[in-house]
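*Asks:* Data: query.pdb, PDB, C-alpha atoms, pLDDT in the B column.
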ATOM      1  CA  MET A  58      -6.947  -3.658  35.460  1.00 43.00           C
ATOM      2  CA  GLU A  59      -5.636  -0.872  33.224  1.00 49.00           C
ATOM      3  CA  ARG A  60      -2.387  -2.757  32.695  1.00 52.00           C
ATOM      4  CA  GLY A  61      -4.270  -5.855  31.492  1.00 50.00           C
ATOM      5  CA  LYS A  62      -6.245  -3.746  29.043  1.00 55.00           C
ATOM      6  CA  THR A  63      -3.059  -2.281  27.578  1.00 55.00           C
ATOM      7  CA  THR A  64      -1.535  -5.751  27.231  1.00 57.00           C
ATOM      8  CA  THR A  65      -4.689  -7.065  25.543  1.00 58.00           C
ATOM      9  CA  MET A  66      -4.640  -4.175  23.088  1.00 62.00           C
ATOM     10  CA  SER A  67      -0.955  -4.759  22.340  1.00 85.00           C
ATOM     11  CA  VAL A  68      -1.540  -8.464  21.758  1.00 89.00           C
ATOM     12  CA  ARG A  69      -4.550  -7.688  19.577  1.00 86.00           C
ATOM     13  CA  LYS A  70      -2.558  -5.233  17.455  1.00 90.00           C
ATOM     14  CA  LEU A  71       0.278  -7.742  17.139  1.00 90.00           C
ATOM     15  CA  VAL A  72      -2.127 -10.479  16.033  1.00 91.00           C
ATOM     16  CA  VAL A  73      -3.845  -8.201  13.511  1.00 91.00           C
ATOM     17  CA  THR A  74      -0.456  -7.093  12.179  1.00 92.00           C
ATOM     18  CA  GLY A  75       0.661 -10.700  11.781  1.00 92.00           C
ATOM     19  CA  MET A  76      -2.596 -11.736  10.125  1.00 94.00           C
ATOM     20  CA  LEU A  77      -2.592  -8.863   7.627  1.00 95.00           C
ATOM     21  CA  THR A  78       1.109  -9.371   6.891  1.00 93.00           C
ATOM     22  CA  GLY A  79       0.406 -13.035   6.206  1.00 93.00           C
ATOM     23  CA  ILE A  80      -2.414 -12.075   3.847  1.00 94.00           C
ATOM     24  CA  THR A  81      -0.116  -9.629   2.031  1.00 92.00           C
ATOM     25  CA  ILE A  82       2.616 -12.226   1.571  1.00 90.00           C
ATOM     26  CA  PHE A  83       0.108 -14.886   0.503  1.00 93.00           C
ATOM     27  CA  MET A  84      -1.357 -12.511  -2.102  1.00 91.00           C
ATOM     28  CA  GLY A  85       2.121 -11.762  -3.422  1.00 86.00           C
ATOM     29  CA  LEU A  86       3.339 -15.350  -3.582  1.00 88.00           C
ATOM     30  CA  THR A  87       0.160 -16.710  -5.202  1.00 88.00           C
ATOM     31  CA  GLY A  88      -0.394 -13.837  -7.620  1.00 81.00           C
ATOM     32  CA  LEU A  89      -3.808 -13.124  -6.061  1.00 87.00           C
ATOM     33  CA  GLY A  90      -2.550  -9.652  -5.185  1.00 85.00           C
ATOM     34  CA  PHE A  91      -2.797  -8.611  -8.818  1.00 78.00           C
ATOM     35  CA  ILE A  92      -5.854  -7.958 -10.957  1.00 73.00           C
ATOM     36  CA  ALA A  93      -5.481  -7.914 -14.729  1.00 64.00           C
ATOM     37  CA  ILE A  94      -6.889  -4.702 -16.186  1.00 61.00           C
ATOM     38  CA  PRO A  95      -5.549  -4.901 -19.731  1.00 53.00           C
ATOM     39  CA  PRO A  96      -2.990  -3.746 -20.657  1.00 51.00           C
ATOM     40  CA  VAL A  97      -1.667  -3.672 -17.065  1.00 53.00           C
ATOM     41  CA  LYS A  98      -1.973  -5.489 -13.759  1.00 65.00           C
ATOM     42  CA  ALA A  99      -3.320  -3.496 -10.844  1.00 72.00           C
ATOM     43  CA  THR A 100      -2.127  -4.503  -7.393  1.00 84.00           C
ATOM     44  CA  ILE A 101      -4.257  -4.926  -4.303  1.00 90.00           C
ATOM     45  CA  MET A 102      -1.270  -5.731  -2.105  1.00 92.00           C
ATOM     46  CA  HIS A 103      -1.669  -2.422  -0.277  1.00 95.00           C
ATOM     47  CA  ILE A 104      -5.245  -3.082   0.869  1.00 96.00           C
ATOM     48  CA  PRO A 105      -4.237  -5.010   4.039  1.00 97.00           C
ATOM     49  CA  VAL A 106      -2.093  -1.999   4.971  1.00 97.00           C
ATOM     50  CA  ILE A 107      -5.097   0.316   4.634  1.00 97.00           C
ATOM     51  CA  ILE A 108      -7.372  -2.062   6.557  1.00 97.00           C
ATOM     52  CA  GLY A 109      -4.842  -2.401   9.384  1.00 96.00           C
ATOM     53  CA  ALA A 110      -4.405   1.365   9.627  1.00 97.00           C
ATOM     54  CA  ILE A 111      -8.123   2.142   9.735  1.00 96.00           C
ATOM     55  CA  ILE A 112      -9.098  -0.722  12.061  1.00 95.00           C
ATOM     56  CA  GLU A 113      -6.129  -0.699  14.474  1.00 95.00           C
ATOM     57  CA  GLY A 114      -4.334   2.610  13.972  1.00 95.00           C
ATOM     58  CA  PRO A 115      -1.239   4.084  12.347  1.00 96.00           C
ATOM     59  CA  ILE A 116       1.309   1.814  14.034  1.00 95.00           C
ATOM     60  CA  VAL A 117      -0.388  -1.345  12.737  1.00 96.00           C
ATOM     61  CA  GLY A 118      -0.782   0.255   9.294  1.00 96.00           C
ATOM     62  CA  ALA A 119       2.878   1.245   9.221  1.00 96.00           C
ATOM     63  CA  ALA A 120       3.986  -2.219  10.430  1.00 95.00           C
ATOM     64  CA  VAL A 121       1.970  -4.025   7.742  1.00 96.00           C
ATOM     65  CA  GLY A 122       3.296  -1.483   5.223  1.00 96.00           C
ATOM     66  CA  LEU A 123       6.849  -2.239   6.349  1.00 96.00           C
ATOM     67  CA  CYS A 124       6.256  -5.945   5.760  1.00 93.00           C
ATOM     68  CA  PHE A 125       4.759  -5.159   2.332  1.00 93.00           C
ATOM     69  CA  GLY A 126       7.864  -3.117   1.492  1.00 94.00           C
ATOM     70  CA  LEU A 127      10.241  -5.826   2.694  1.00 93.00           C
ATOM     71  CA  PHE A 128       8.321  -8.384   0.628  1.00 91.00           C
ATOM     72  CA  SER A 129       8.638  -6.078  -2.408  1.00 90.00           C
ATOM     73  CA  MET A 130      12.404  -6.016  -1.914  1.00 92.00           C
ATOM     74  CA  TYR A 131      12.499  -9.793  -1.546  1.00 92.00           C
ATOM     75  CA  GLN A 132      10.499 -10.241  -4.758  1.00 88.00           C
ATOM     76  CA  ALA A 133      12.771  -7.827  -6.617  1.00 88.00           C
ATOM     77  CA  PHE A 134      15.843  -9.841  -5.633  1.00 92.00           C
ATOM     78  CA  ALA A 135      14.250 -13.302  -5.954  1.00 89.00           C
ATOM     79  CA  ASN A 136      12.466 -12.743  -9.292  1.00 85.00           C
ATOM     80  CA  PRO A 137      14.278  -9.863 -10.988  1.00 87.00           C
ATOM     81  CA  LEU A 138      12.752  -8.051 -13.935  1.00 87.00           C
ATOM     82  CA  PRO A 139      14.374  -5.254 -15.972  1.00 89.00           C
ATOM     83  CA  THR A 140      13.083  -2.617 -13.529  1.00 90.00           C
ATOM     84  CA  SER A 141      13.537  -4.600 -10.287  1.00 90.00           C
ATOM     85  CA  PHE A 142      16.525  -2.440  -9.381  1.00 94.00           C
ATOM     86  CA  LEU A 143      13.997   0.210  -8.316  1.00 94.00           C
ATOM     87  CA  PHE A 144      12.844  -2.030  -5.470  1.00 93.00           C
ATOM     88  CA  TRP A 145      16.349  -2.967  -4.393  1.00 96.00           C
ATOM     89  CA  ASN A 146      16.408   0.512  -2.892  1.00 97.00           C
ATOM     90  CA  PRO A 147      14.579   0.592   0.474  1.00 97.00           C
ATOM     91  CA  ILE A 148      13.655   4.235  -0.102  1.00 97.00           C
ATOM     92  CA  ILE A 149      11.432   3.144  -2.994  1.00 96.00           C
ATOM     93  CA  ALA A 150      10.444  -0.310  -1.739  1.00 95.00           C
ATOM     94  CA  ILE A 151       9.702   0.488   1.905  1.00 97.00           C
ATOM     95  CA  VAL A 152       9.070   4.199   2.556  1.00 98.00           C
ATOM     96  CA  PRO A 153       5.967   4.539   0.323  1.00 97.00           C
ATOM     97  CA  ARG A 154       4.509   1.308   1.752  1.00 96.00           C
ATOM     98  CA  VAL A 155       4.920   2.489   5.356  1.00 98.00           C
ATOM     99  CA  LEU A 156       3.355   5.810   4.427  1.00 98.00           C
ATOM    100  CA  ILE A 157       0.272   4.065   2.969  1.00 98.00           C
ATOM    101  CA  GLY A 158      -0.765   3.150   6.509  1.00 97.00           C
ATOM    102  CA  LEU A 159       0.021   6.529   8.016  1.00 98.00           C
ATOM    103  CA  VAL A 160      -1.746   8.500   5.286  1.00 98.00           C
ATOM    104  CA  ALA A 161      -4.772   6.177   5.266  1.00 98.00           C
ATOM    105  CA  TYR A 162      -5.190   6.444   9.045  1.00 98.00           C
ATOM    106  CA  TYR A 163      -4.865  10.219   9.278  1.00 98.00           C
ATOM    107  CA  VAL A 164      -7.030  10.896   6.219  1.00 98.00           C
ATOM    108  CA  TYR A 165      -9.656   8.557   7.677  1.00 98.00           C
ATOM    109  CA  THR A 166      -9.655  10.323  11.058  1.00 97.00           C
ATOM    110  CA  LEU A 167      -9.946  13.743   9.418  1.00 97.00           C
ATOM    111  CA  VAL A 168     -12.635  12.878   6.871  1.00 97.00           C
ATOM    112  CA  LYS A 169     -14.856  10.765   9.143  1.00 94.00           C
ATOM    113  CA  LYS A 170     -15.411  13.742  11.469  1.00 92.00           C
ATOM    114  CA  LYS A 171     -17.314  15.694   8.808  1.00 93.00           C
ATOM    115  CA  PHE A 172     -18.328  12.914   6.411  1.00 91.00           C
ATOM    116  CA  PRO A 173     -18.547   9.625   8.351  1.00 83.00           C
ATOM    117  CA  LYS A 174     -19.745   7.572   5.385  1.00 87.00           C
ATOM    118  CA  LEU A 175     -16.927   8.757   3.119  1.00 94.00           C
ATOM    119  CA  GLY A 176     -14.031   8.231   5.533  1.00 95.00           C
ATOM    120  CA  VAL A 177     -13.010   4.714   4.533  1.00 96.00           C
ATOM    121  CA  GLY A 178     -13.309   5.316   0.786  1.00 96.00           C
ATOM    122  CA  VAL A 179     -11.348   8.566   0.844  1.00 97.00           C
ATOM    123  CA  ALA A 180      -8.688   7.019   3.098  1.00 98.00           C
ATOM    124  CA  ALA A 181      -8.337   4.029   0.752  1.00 97.00           C
ATOM    125  CA  LEU A 182      -7.963   6.342  -2.237  1.00 97.00           C
ATOM    126  CA  ALA A 183      -5.406   8.498  -0.405  1.00 97.00           C
ATOM    127  CA  GLY A 184      -3.352   5.529   0.805  1.00 97.00           C
ATOM    128  CA  THR A 185      -3.268   3.970  -2.637  1.00 97.00           C
ATOM    129  CA  LEU A 186      -2.317   7.189  -4.402  1.00 96.00           C
ATOM    130  CA  THR A 187       0.391   7.838  -1.795  1.00 97.00           C
ATOM    131  CA  ASN A 188       2.030   4.579  -2.807  1.00 96.00           C
ATOM    132  CA  THR A 189       1.669   5.196  -6.550  1.00 95.00           C
ATOM    133  CA  ILE A 190       2.894   8.788  -6.470  1.00 96.00           C
ATOM    134  CA  LEU A 191       5.846   8.108  -4.167  1.00 96.00           C
ATOM    135  CA  VAL A 192       7.072   4.950  -5.924  1.00 94.00           C
ATOM    136  CA  LEU A 193       6.926   6.533  -9.381  1.00 94.00           C
ATOM    137  CA  GLY A 194       8.130   9.934  -8.187  1.00 96.00           C
ATOM    138  CA  LEU A 195      11.121   8.430  -6.387  1.00 97.00           C
ATOM    139  CA  ALA A 196      11.845   6.228  -9.409  1.00 95.00           C
ATOM    140  CA  TYR A 197      12.024   9.380 -11.513  1.00 96.00           C
ATOM    141  CA  ILE A 198      14.121  11.351  -9.033  1.00 96.00           C
ATOM    142  CA  LEU A 199      16.590   8.571  -8.241  1.00 97.00           C
ATOM    143  CA  TYR A 200      16.747   6.458 -11.391  1.00 96.00           C
ATOM    144  CA  ALA A 201      15.379   8.306 -14.443  1.00 95.00           C
ATOM    145  CA  ALA A 202      18.345   7.538 -16.709  1.00 95.00           C
ATOM    146  CA  LYS A 203      18.721   3.949 -15.510  1.00 95.00           C
ATOM    147  CA  PHE A 204      14.958   3.396 -15.908  1.00 93.00           C
ATOM    148  CA  ALA A 205      15.096   4.725 -19.486  1.00 94.00           C
ATOM    149  CA  GLU A 206      17.927   2.354 -20.285  1.00 94.00           C
ATOM    150  CA  ALA A 207      16.177  -0.628 -18.643  1.00 91.00           C
ATOM    151  CA  VAL A 208      12.952  -0.193 -20.607  1.00 89.00           C
ATOM    152  CA  GLY A 209      14.573   1.073 -23.795  1.00 92.00           C
ATOM    153  CA  ILE A 210      13.098   4.548 -24.012  1.00 93.00           C
ATOM    154  CA  ASN A 211      14.471   8.022 -24.609  1.00 94.00           C
ATOM    155  CA  PRO A 212      15.622   9.522 -21.278  1.00 93.00           C
ATOM    156  CA  ASP A 213      13.679  12.678 -22.106  1.00 94.00           C
ATOM    157  CA  THR A 214      10.398  10.734 -22.000  1.00 95.00           C
ATOM    158  CA  VAL A 215      10.835   9.025 -18.603  1.00 94.00           C
ATOM    159  CA  GLY A 216       8.642  11.563 -16.803  1.00 94.00           C
ATOM    160  CA  LYS A 217       5.815  11.121 -19.308  1.00 95.00           C
ATOM    161  CA  VAL A 218       6.096   7.315 -19.193  1.00 93.00           C
ATOM    162  CA  LEU A 219       6.016   7.235 -15.393  1.00 93.00           C
ATOM    163  CA  LEU A 220       3.128   9.699 -15.271  1.00 94.00           C
ATOM    164  CA  THR A 221       1.167   7.619 -17.793  1.00 92.00           C
ATOM    165  CA  THR A 222       1.927   4.482 -15.782  1.00 88.00           C
ATOM    166  CA  GLY A 223       0.698   6.242 -12.653  1.00 90.00           C
ATOM    167  CA  VAL A 224      -2.578   7.190 -14.295  1.00 91.00           C
ATOM    168  CA  ILE A 225      -3.140   3.798 -15.934  1.00 89.00           C
ATOM    169  CA  ASN A 226      -2.273   1.810 -12.784  1.00 87.00           C
ATOM    170  CA  GLY A 227      -2.909   4.252  -9.955  1.00 91.00           C
ATOM    171  CA  ILE A 228      -6.476   5.265 -10.687  1.00 91.00           C
ATOM    172  CA  PRO A 229      -7.840   1.703 -11.107  1.00 89.00           C
ATOM    173  CA  GLU A 230      -5.862   0.576  -8.045  1.00 91.00           C
ATOM    174  CA  ALA A 231      -7.328   3.418  -5.984  1.00 94.00           C
ATOM    175  CA  ILE A 232     -10.883   2.651  -7.108  1.00 93.00           C
ATOM    176  CA  ILE A 233     -10.467  -1.098  -6.496  1.00 92.00           C
ATOM    177  CA  SER A 234      -8.933  -0.328  -3.099  1.00 94.00           C
ATOM    178  CA  ALA A 235     -11.954   1.733  -2.056  1.00 95.00           C
ATOM    179  CA  LEU A 236     -14.414  -0.844  -3.420  1.00 95.00           C
ATOM    180  CA  ILE A 237     -12.751  -3.616  -1.393  1.00 94.00           C
ATOM    181  CA  ALA A 238     -11.880  -1.634   1.745  1.00 95.00           C
ATOM    182  CA  ILE A 239     -15.339  -0.149   2.331  1.00 95.00           C
ATOM    183  CA  PRO A 240     -17.267  -3.424   2.792  1.00 95.00           C
ATOM    184  CA  VAL A 241     -14.387  -5.199   4.570  1.00 94.00           C
ATOM    185  CA  ILE A 242     -13.844  -2.406   7.094  1.00 94.00           C
ATOM    186  CA  THR A 243     -17.587  -1.856   7.565  1.00 92.00           C
ATOM    187  CA  THR A 244     -18.005  -5.563   8.355  1.00 93.00           C
ATOM    188  CA  LEU A 245     -14.995  -5.653  10.680  1.00 89.00           C
ATOM    189  CA  LYS A 246     -16.279  -2.632  12.584  1.00 86.00           C
ATOM    190  CA  LYS A 247     -19.688  -4.290  13.058  1.00 86.00           C
ATOM    191  CA  ILE A 248     -18.023  -7.467  14.337  1.00 85.00           C
ATOM    192  CA  ARG A 249     -15.895  -5.505  16.822  1.00 74.00           C
ATOM    193  CA  MET A 250     -18.917  -3.757  18.371  1.00 55.00           C
TER     194      MET A 250
END
Let me see whether you can do it: turn the structure in this file into structure tokens.

*Replies:*
Amino acid sequence: MERGKTTTMSVRKLVVTGMLTGITIFMGLTGLGFIAIPPVKATIMHIPVIIGAIIEGPIVGAAVGLCFGLFSMYQAFANPLPTSFLFWNPIIAIVPRVLIGLVAYYVYTLVKKKFPKLGVGVAALAGTLTNTILVLGLAYILYAAKFAEAVGINPDTVGKVLLTTGVINGIPEAIISALIAIPVITTLKKIRM
């Protein structure tokens, strides 16, 4: 009996991973994964990663994050922009996306113990900011000069530009992530019970 339960859980996690990966790819291909907040576009592509991590655990979150990262690399090669070279590097394209799921899961498990109603929101914020901080931080560390050249700015201002981009994009993305994740995860948890 125990063996059947383990198999069912593994199949369930695999199905959830596939479903959330499909949603991520669909959002990316259709453009639905982006919300215009002038003057920028905020992404919601990371939300399936957060949902998978909180609902099914860190392995599902990391797997959906891996697929998100691989899709980011594909997009960077298939539809290159001046800064696409950043996402040709798997350290920038994949590592932060895998860590979204891990951070979201562990923040959720820690916060929900003391503040059950805040767990999902705080985890969504943490997962989103993990992605923003790591992508922009790694871009600065690995490609500051090349980034400056690609966007036509003084190399001395790259840090300020990336920090400003992080604030302008990261904060709205984190808020939107929490606003979407809370009702979706709350509903999914009620359905599972």

*Asks:* Neighbours of range 203-215 of chain A within 12 Å (all atoms listed in the file; same-chain residues fewer than 5 positions away dropped), as a list in words?

*Replies:*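 Final neighbour list, sorted by chain and number: Leu138, Pro139, Thr140, Ser141, Phe142, Leu143, Phe144, Leu193, Gly194, Leu195, Ala196, Tyr197, Ile198, Leu220, Thr221 and Thr222 of chain A.
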
*Asks:* Take the residues from that selection and put them in a file with C-alpha atoms, as a PDB file, in the frame of the given file.

*Replies:*
ATOM      1  CA  LEU A 138      12.752  -8.051 -13.935  1.00 87.00           C
ATOM      2  CA  PRO A 139      14.374  -5.254 -15.972  1.00 89.00           C
ATOM      3  CA  THR A 140      13.083  -2.617 -13.529  1.00 90.00           C
ATOM      4  CA  SER A 141      13.537  -4.600 -10.287  1.00 90.00           C
ATOM      5  CA  PHE A 142      16.525  -2.440  -9.381  1.00 94.00           C
ATOM      6  CA  LEU A 143      13.997   0.210  -8.316  1.00 94.00           C
ATOM      7  CA  PHE A 144      12.844  -2.030  -5.470  1.00 93.00           C
ATOM      8  CA  LEU A 193       6.926   6.533  -9.381  1.00 94.00           C
ATOM      9  CA  GLY A 194       8.130   9.934  -8.187  1.00 96.00           C
ATOM     10  CA  LEU A 195      11.121   8.430  -6.387  1.00 97.00           C
ATOM     11  CA  ALA A 196      11.845   6.228  -9.409  1.00 95.00           C
ATOM     12  CA  TYR A 197      12.024   9.380 -11.513  1.00 96.00           C
ATOM     13  CA  ILE A 198      14.121  11.351  -9.033  1.00 96.00           C
ATOM     14  CA  LEU A 220       3.128   9.699 -15.271  1.00 94.00           C
ATOM     15  CA  THR A 221       1.167   7.619 -17.793  1.00 92.00           C
ATOM     16  CA  THR A 222       1.927   4.482 -15.782  1.00 88.00           C
TER      17      THR A 222
END

*Asks:* When distances are computed from all atoms listed in the file, which of A:Ala181, A:Leu77, A:Ala120, A:Ile111 shows the smallest separation from Thr166 in chain A?

*Replies:*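 Counting all atoms listed in the file, the residue closest to Thr166 in chain A is A:Ile111.
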
*Asks:* Can you turn the PyMOL selection byres ((chain A and resi 101) around 12) into a concrete residue list for this file, as a ChimeraX atom specification?

*Replies:* /A:80-85,88-93,98-100,102-108,125,181,184-185,188-189,226-227,229-238

*Asks:* Where does the PyMOL selection byres ((chain A and resi 109) around 10) land in this file, that is, which residues does it pick, as a PyMOL selection string?

*Replies:* chain A and resi 70+73-74+76-78+104-108+110-122+158+161-162+242

*Asks:* Go through A:Leu219, A:Val160, A:Leu167, A:Phe128 one by one, measure the shortest atom-to-atom distance of each to Leu186 in chain A using all atoms listed in the file, and give the residue with the smallest value.

*Replies:* A:Val160

*Asks:* Using all atoms listed in the file, which residue out of A:Ile157, A:Ile239, A:Ala150, A:Val72 lies closest to Gln132 in chain A?

*Replies:*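 Ranking A:Ile157, A:Ile239, A:Ala150, A:Val72 by distance to Gln132 in chain A, first place goes to A:Ala150.
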